[in-house]
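Asks: Got a structure for you, written out below as C-alpha cells; questions coming shortly.
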Amino acid sequence: GGWPLTMFLTPKGAPFAAGTYLPDEERQGQPAFRKVLADVVQLYRERSDQVEQTSTAATSQLANLWNRDMRGPVDALMLDTGALRIGQRFDIFFGGQTGNIKFPAVAPLEVLWRSYLRTGLPQFMQLTSITLDNILLGGLYDHIGGGFSRYCSDERWLIPHFEKMLNDQAMLVELMTSVWQFNRNALCRSRIEETIQFLLREMKSGDAFASSIDTDTDGEEGKYYLWTEAEIDAALMGTFVAKFKTVYNVTRDGSAQGKNILQRIGSPAPFPQSDADEALLAKQREILLKVRQTRTPPEVDRKILADWNGLAIAALANAGAVLQNAEWTTAAIKAFDFVVKTLGDGDRLHHCWFDGKRSAQGFADDYAHMARAALILHETIGEKRYLEHAKAWVRTLNEHYWDVANGGYFYTADDADPLIVRARMVFDQPTPSANGTMLQVLARLTMITGVREYIERANTMIGGFAGEAARAWITMGSYFSGLEYALTDL
C-alpha cells in the first residue's frame with residue numbers, strides 16, 4: 001500500500017491499526033501524524049476489547065494470506081492463460097498496467113515478452129514494445145544522467161517520481177538485454193549502456209551498489225533533474241539549442257512547476273533522428289550532465305542489500321556477456337565478492353550492510369537472488385566457485401526455509417526471530433519473489449549438475465502455488481517466468 005508504513009501493535013506484537021503515509025501536518029483530508037497518535041492511544045485505553053478483537057482478526061487474516069494451502073493442479077495451458085490475463089491488464093495505448101500511476105512492472109512485462117518468444121503471437125510483442133518505448137523515451141528515464149525513476153504519476157509516462165532504486169535499474173537492464181538479443185534494438189542498447197554507466201558512476205557503495213537515490217534536494221522534489229528553458233539556453237549556447245528543445249519538449253512554461261522534465265514522447269522531432277542529429281544530442285546531453293553535476297545532488301542511501309545486489313550482479317554479468325563488455329563483467333565480479341565478504345557467514349547470508357556493520361539475518365529473497373547471480377557468473381566466466389556458492393545457498397534455503405507441509409520457501413529462516421506470521425510468498429513485491437526466482441535457480445542447477453533433487457523440489461513448488469495462478473496472476477510474474485523457464489529448458 002505504499003511507504004512509510006505505520007503499524008500500531010499491542011504489547012504482544014499483534015497489529016490493530018495501520019496507515020501508509022501520515023503527514024506531519026493535516027493535508028488534503030489526511031490527519032496529521034500527531035493527531036493519529038493521540039487517537040490511537042485513546043482507542044487503546046478506552047476500547048481495549050475492540051482492539052483485542054481487531055488484532056485477533058488481523059493476525060488470523062495475515063496467517064491465512066501467507067500460510068494457506070495454495071496447491072493446485074498444473075494445467076498445460078496455465079502459462080498461456082496467465083500471460084493472456086496479464087496482457088488484458090496492460091494499457092494498449094501507453095503501455096504498462098492500466099491506471100493513472102505507472103510503474104515499470106518488470107515481472108509481468110517479462111511474462112509478456114517471454115510469451116511472445118514462446119508463441120510468436122504479435123499481441124505480446126505489441127504490448128511489450130509499447131511499454132518499453134514509453135519507459136525508454138518518456139519521463140521515467142533520466143535522459144541526462146541515465147537510470148530510471150521509481151514510477152510516473154500519470155498514465156502517459158511523463159511525470160516521474162524522481163527516486164531511483166537499484167532493483168528497478170537491474171531488472172530493466174536485464175529485460176532490455178533480452179530484447180536486444182532478439183532484435184538488436186538500438187534504443188535498448190543505448191539505454192543499457194547509459195543505465196550501467198549511471199550505476200557505476202553514481203550508485204557504487206564500496207565495490208557493491210547502493211540501494212537508492214532520494215527524490216528531494218533541499219526539500220524540493222526533482223530539483224536536481226528539472227530545467228528551465230533559460231538554463232537550457234545558457235548551457236547549450238552555440239550548439240543548435242533549438243533542436244535540443246524541440247526533441248526533448250522544452251518550453252518556456254515547462255511541464256512541472258515552471259520547469260521542464262526532459263522526455264521524447266510526442267515530440268515534433270520523434271525518435272530516432274538522423275545519425276548526425278543523434279550524435280549532436282549526445283554531446284548536448286554531456287554538456288547538461290556537467291552542468292547538473294555542479295548542483296547539490298540528492299542523497300544516496302548507501303546501505304547494501306544482498307537481494308538487490310544479486311539482481312544488479314546478474315544484470316551486469318548477463319549484459320557484459322551479451323554485449324561483450326569486460327568492464328561490466330568485472331563490476332559484477334567485484335560486487336559479488338563484496339557481498340560475500342561483508343554479508344556472508346559460511347553458508348548463511350545477512351540482509352543488509354551499512355557503515356561497516358551488517359544487520360538482519362538473510363531472507364529467502366537474499367539467497368534466491370544471490371544464488372541466481374552466482375549461476376549467471378558461473379555460466380559467464382566458468383569458475384567453479386560461483387557454482388559452489390549457489391549450491392551452498394540453495395542448501396541453506398532447503399534446510400532452514402523450506403515449507404515441508406505445503407512446499408515453497410518461507411521468507412524467514414526457522415531459527416530467525418519469530419514473527420506473528422511466518423510468510424510464504426509467491427507474490428512479487430518491487431522485486432521478484434524468492435519462490436518465483438527459485439524455479440529458475442533450481443532448473444539451472446539441474447542442467448548444470450544433473451542432480452534430480454533440484455528439479456523435484458522445483459516441481460513441488462510449481463504444484464504448491466498452482467492454485468493461485470488463476471486468482472492472483474497479475475502479482476505472480478516471476479512464478480510464470482520461472483515456470484516457463486523450467487518447462488522449456490528441462
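For the C-alpha cells, the naming scheme is as follows: chains receive sequential letters (A, B, ...) according to their order of presentation, residues are indexed from 1 within each chain, and ligands are indexed from 1 in presentation order.
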Please list as a ChimeraX atom specification every residue within 12 Å of stretch 219-223 of chain A, counting only C-alpha atoms and excluding residues in the same chain fewer than 4 positions away.
Replies: /A:139,142,149,159-164,213-215,227-228,256-262,292,295-299
Asks: Write out as a VMD selection string the residues lying within 12 Å of A:Arg201, counting only C-alpha atoms and excluding same-chain residues fewer than 6 positions away.
Replies: chain A and resid 145 to 147 194 to 195 207 209 to 210 293 331
Asks: Write the selection just made, keeping all heavy atoms, as a PDB file, in the first residue's frame?
Replies:
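Output file again.pdb is given in full below:
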```pdb
ATOM      1  N   GLY A 145      21.428  11.827 -17.217  1.00  0.00           N
ATOM      2  CA  GLY A 145      22.383  11.032 -16.448  1.00  0.00           C
ATOM      3  C   GLY A 145      22.197   9.541 -16.521  1.00  0.00           C
ATOM      4  O   GLY A 145      23.025   8.782 -16.008  1.00  0.00           O
ATOM      5  N   GLY A 146      21.126   9.080 -17.169  1.00  0.00           N
ATOM      6  CA  GLY A 146      20.868   7.650 -17.225  1.00  0.00           C
ATOM      7  C   GLY A 146      20.131   7.163 -15.994  1.00  0.00           C
ATOM      8  O   GLY A 146      20.087   7.821 -14.953  1.00  0.00           O
ATOM      9  N   GLY A 147      19.534   5.988 -16.092  1.00  0.00           N
ATOM     10  CA  GLY A 147      18.800   5.398 -14.984  1.00  0.00           C
ATOM     11  C   GLY A 147      17.325   5.765 -15.014  1.00  0.00           C
ATOM     12  O   GLY A 147      16.903   6.694 -15.710  1.00  0.00           O
ATOM     13  N   GLU A 194      23.812   3.410 -21.050  1.00  0.00           N
ATOM     14  CA  GLU A 194      23.681   4.622 -20.235  1.00  0.00           C
ATOM     15  C   GLU A 194      23.293   4.302 -18.802  1.00  0.00           C
ATOM     16  O   GLU A 194      23.780   4.950 -17.862  1.00  0.00           O
ATOM     17  CB  GLU A 194      22.645   5.547 -20.880  1.00  0.00           C
ATOM     18  CG  GLU A 194      23.081   6.115 -22.216  1.00  0.00           C
ATOM     19  CD  GLU A 194      21.934   6.636 -23.066  1.00  0.00           C
ATOM     20  OE1 GLU A 194      20.769   6.573 -22.598  1.00  0.00           O
ATOM     21  OE2 GLU A 194      22.180   7.108 -24.188  1.00  0.00           O
ATOM     22  N   THR A 195      22.422   3.299 -18.614  1.00  0.00           N
ATOM     23  CA  THR A 195      21.997   2.948 -17.259  1.00  0.00           C
ATOM     24  C   THR A 195      23.131   2.317 -16.477  1.00  0.00           C
ATOM     25  O   THR A 195      23.322   2.603 -15.282  1.00  0.00           O
ATOM     26  CB  THR A 195      20.787   2.005 -17.313  1.00  0.00           C
ATOM     27  OG1 THR A 195      19.714   2.657 -18.004  1.00  0.00           O
ATOM     28  CG2 THR A 195      20.318   1.635 -15.908  1.00  0.00           C
ATOM     29  N   ASP A 207      32.542  -1.792  -3.412  1.00  0.00           N
ATOM     30  CA  ASP A 207      32.525  -2.463  -4.713  1.00  0.00           C
ATOM     31  C   ASP A 207      31.132  -2.955  -5.075  1.00  0.00           C
ATOM     32  O   ASP A 207      30.928  -3.481  -6.176  1.00  0.00           O
ATOM     33  CB  ASP A 207      33.500  -3.646  -4.720  1.00  0.00           C
ATOM     34  CG  ASP A 207      34.939  -3.206  -4.934  1.00  0.00           C
ATOM     35  OD1 ASP A 207      35.137  -2.156  -5.570  1.00  0.00           O
ATOM     36  OD2 ASP A 207      35.852  -3.903  -4.464  1.00  0.00           O
ATOM     37  N   PHE A 209      26.662  -2.061  -4.675  1.00  0.00           N
ATOM     38  CA  PHE A 209      25.794  -0.983  -5.130  1.00  0.00           C
ATOM     39  C   PHE A 209      24.856  -0.519  -4.024  1.00  0.00           C
ATOM     40  O   PHE A 209      24.307  -1.333  -3.268  1.00  0.00           O
ATOM     41  CB  PHE A 209      24.992  -1.435  -6.351  1.00  0.00           C
ATOM     42  CG  PHE A 209      25.854  -1.686  -7.546  1.00  0.00           C
ATOM     43  CD1 PHE A 209      26.319  -2.964  -7.823  1.00  0.00           C
ATOM     44  CD2 PHE A 209      26.236  -0.640  -8.372  1.00  0.00           C
ATOM     45  CE1 PHE A 209      27.136  -3.208  -8.909  1.00  0.00           C
ATOM     46  CE2 PHE A 209      27.064  -0.875  -9.466  1.00  0.00           C
ATOM     47  CZ  PHE A 209      27.512  -2.151  -9.733  1.00  0.00           C
ATOM     48  N   ALA A 210      24.677   0.806  -3.976  1.00  0.00           N
ATOM     49  CA  ALA A 210      23.778   1.422  -3.005  1.00  0.00           C
ATOM     50  C   ALA A 210      22.327   1.100  -3.347  1.00  0.00           C
ATOM     51  O   ALA A 210      22.011   0.694  -4.466  1.00  0.00           O
ATOM     52  CB  ALA A 210      23.995   2.936  -2.989  1.00  0.00           C
ATOM     53  N   GLN A 293      25.967  18.385 -12.581  1.00  0.00           N
ATOM     54  CA  GLN A 293      26.859  17.906 -11.521  1.00  0.00           C
ATOM     55  C   GLN A 293      27.379  19.036 -10.638  1.00  0.00           C
ATOM     56  O   GLN A 293      27.974  18.765  -9.589  1.00  0.00           O
ATOM     57  CB  GLN A 293      28.017  17.123 -12.136  1.00  0.00           C
ATOM     58  CG  GLN A 293      27.578  15.764 -12.682  1.00  0.00           C
ATOM     59  CD  GLN A 293      28.670  15.057 -13.461  1.00  0.00           C
ATOM     60  OE1 GLN A 293      29.586  15.693 -14.004  1.00  0.00           O
ATOM     61  NE2 GLN A 293      28.593  13.732 -13.543  1.00  0.00           N
ATOM     62  N   ALA A 331      32.791  -5.499 -12.924  1.00  0.00           N
ATOM     63  CA  ALA A 331      31.995  -4.851 -11.871  1.00  0.00           C
ATOM     64  C   ALA A 331      31.089  -5.859 -11.184  1.00  0.00           C
ATOM     65  O   ALA A 331      30.910  -5.813  -9.954  1.00  0.00           O
ATOM     66  CB  ALA A 331      31.174  -3.716 -12.473  1.00  0.00           C
TER      67      ALA A 331
END
```
Asks: List every residue of stretch 70-240 of chain A that DSSP, applied to the backbone, labels as helix (DSSP H, G or I), and write the result as a PyMOL selection string.
Replies: chain A and resi 78-88+106-119+122-137+166-183+186-202+229-235
Asks: Using only C-alpha atoms for the distances, tell me which of A:Leu200, A:Tyr141, A:Thr131, A:Gly346 is nearest to A:Thr329.
Replies: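 Of A:Leu200, A:Tyr141, A:Thr131, A:Gly346, the one nearest A:Thr329 is A:Leu200, counting only C-alpha atoms.
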Asks: If you count only C-alpha atoms, which residues fall within 10 Å of A:Pro268, apart from same-chain ones fewer than 6 positions away, as a ChimeraX atom specification?
Replies: /A:246-249
Asks: Once you have the residues from the selection above, write them out as an mmCIF file, in the first residue's frame, restricted to all heavy atoms.
Replies:
```cif
data_model
loop_
_atom_site.group_PDB
_atom_site.id
_atom_site.type_symbol
_atom_site.label_atom_id
_atom_site.label_comp_id
_atom_site.auth_asym_id
_atom_site.auth_seq_id
_atom_site.Cartn_x
_atom_site.Cartn_y
_atom_site.Cartn_z
ATOM 1 N N THR A 246 13.368 21.144 -29.161
ATOM 2 C CA THR A 246 12.289 20.505 -29.915
ATOM 3 C C THR A 246 12.224 19.012 -29.613
ATOM 4 O O THR A 246 11.149 18.459 -29.372
ATOM 5 C CB THR A 246 12.497 20.715 -31.424
ATOM 6 O OG1 THR A 246 12.485 22.110 -31.710
ATOM 7 C CG2 THR A 246 11.388 20.037 -32.220
ATOM 8 N N VAL A 247 13.369 18.371 -29.615
ATOM 9 C CA VAL A 247 13.417 16.923 -29.390
ATOM 10 C C VAL A 247 12.934 16.565 -27.995
ATOM 11 O O VAL A 247 12.174 15.599 -27.805
ATOM 12 C CB VAL A 247 14.851 16.405 -29.618
ATOM 13 C CG1 VAL A 247 14.989 14.970 -29.106
ATOM 14 C CG2 VAL A 247 15.211 16.488 -31.092
ATOM 15 N N TYR A 248 13.343 17.352 -26.983
ATOM 16 C CA TYR A 248 13.045 16.998 -25.591
ATOM 17 C C TYR A 248 11.879 17.782 -25.004
ATOM 18 O O TYR A 248 11.691 17.810 -23.788
ATOM 19 C CB TYR A 248 14.307 17.175 -24.737
ATOM 20 C CG TYR A 248 15.313 16.085 -24.986
ATOM 21 C CD1 TYR A 248 16.370 16.289 -25.860
ATOM 22 C CD2 TYR A 248 15.187 14.845 -24.387
ATOM 23 C CE1 TYR A 248 17.292 15.285 -26.120
ATOM 24 C CE2 TYR A 248 16.093 13.837 -24.628
ATOM 25 C CZ TYR A 248 17.142 14.057 -25.495
ATOM 26 O OH TYR A 248 18.042 13.051 -25.750
ATOM 27 N N ASN A 249 11.065 18.398 -25.862
ATOM 28 C CA ASN A 249 9.829 19.053 -25.433
ATOM 29 C C ASN A 249 10.066 20.152 -24.391
ATOM 30 O O ASN A 249 9.316 20.257 -23.404
ATOM 31 C CB ASN A 249 8.838 18.017 -24.891
ATOM 32 C CG ASN A 249 8.360 17.057 -25.958
ATOM 33 O OD1 ASN A 249 7.581 17.430 -26.837
ATOM 34 N ND2 ASN A 249 8.822 15.815 -25.903
#
```
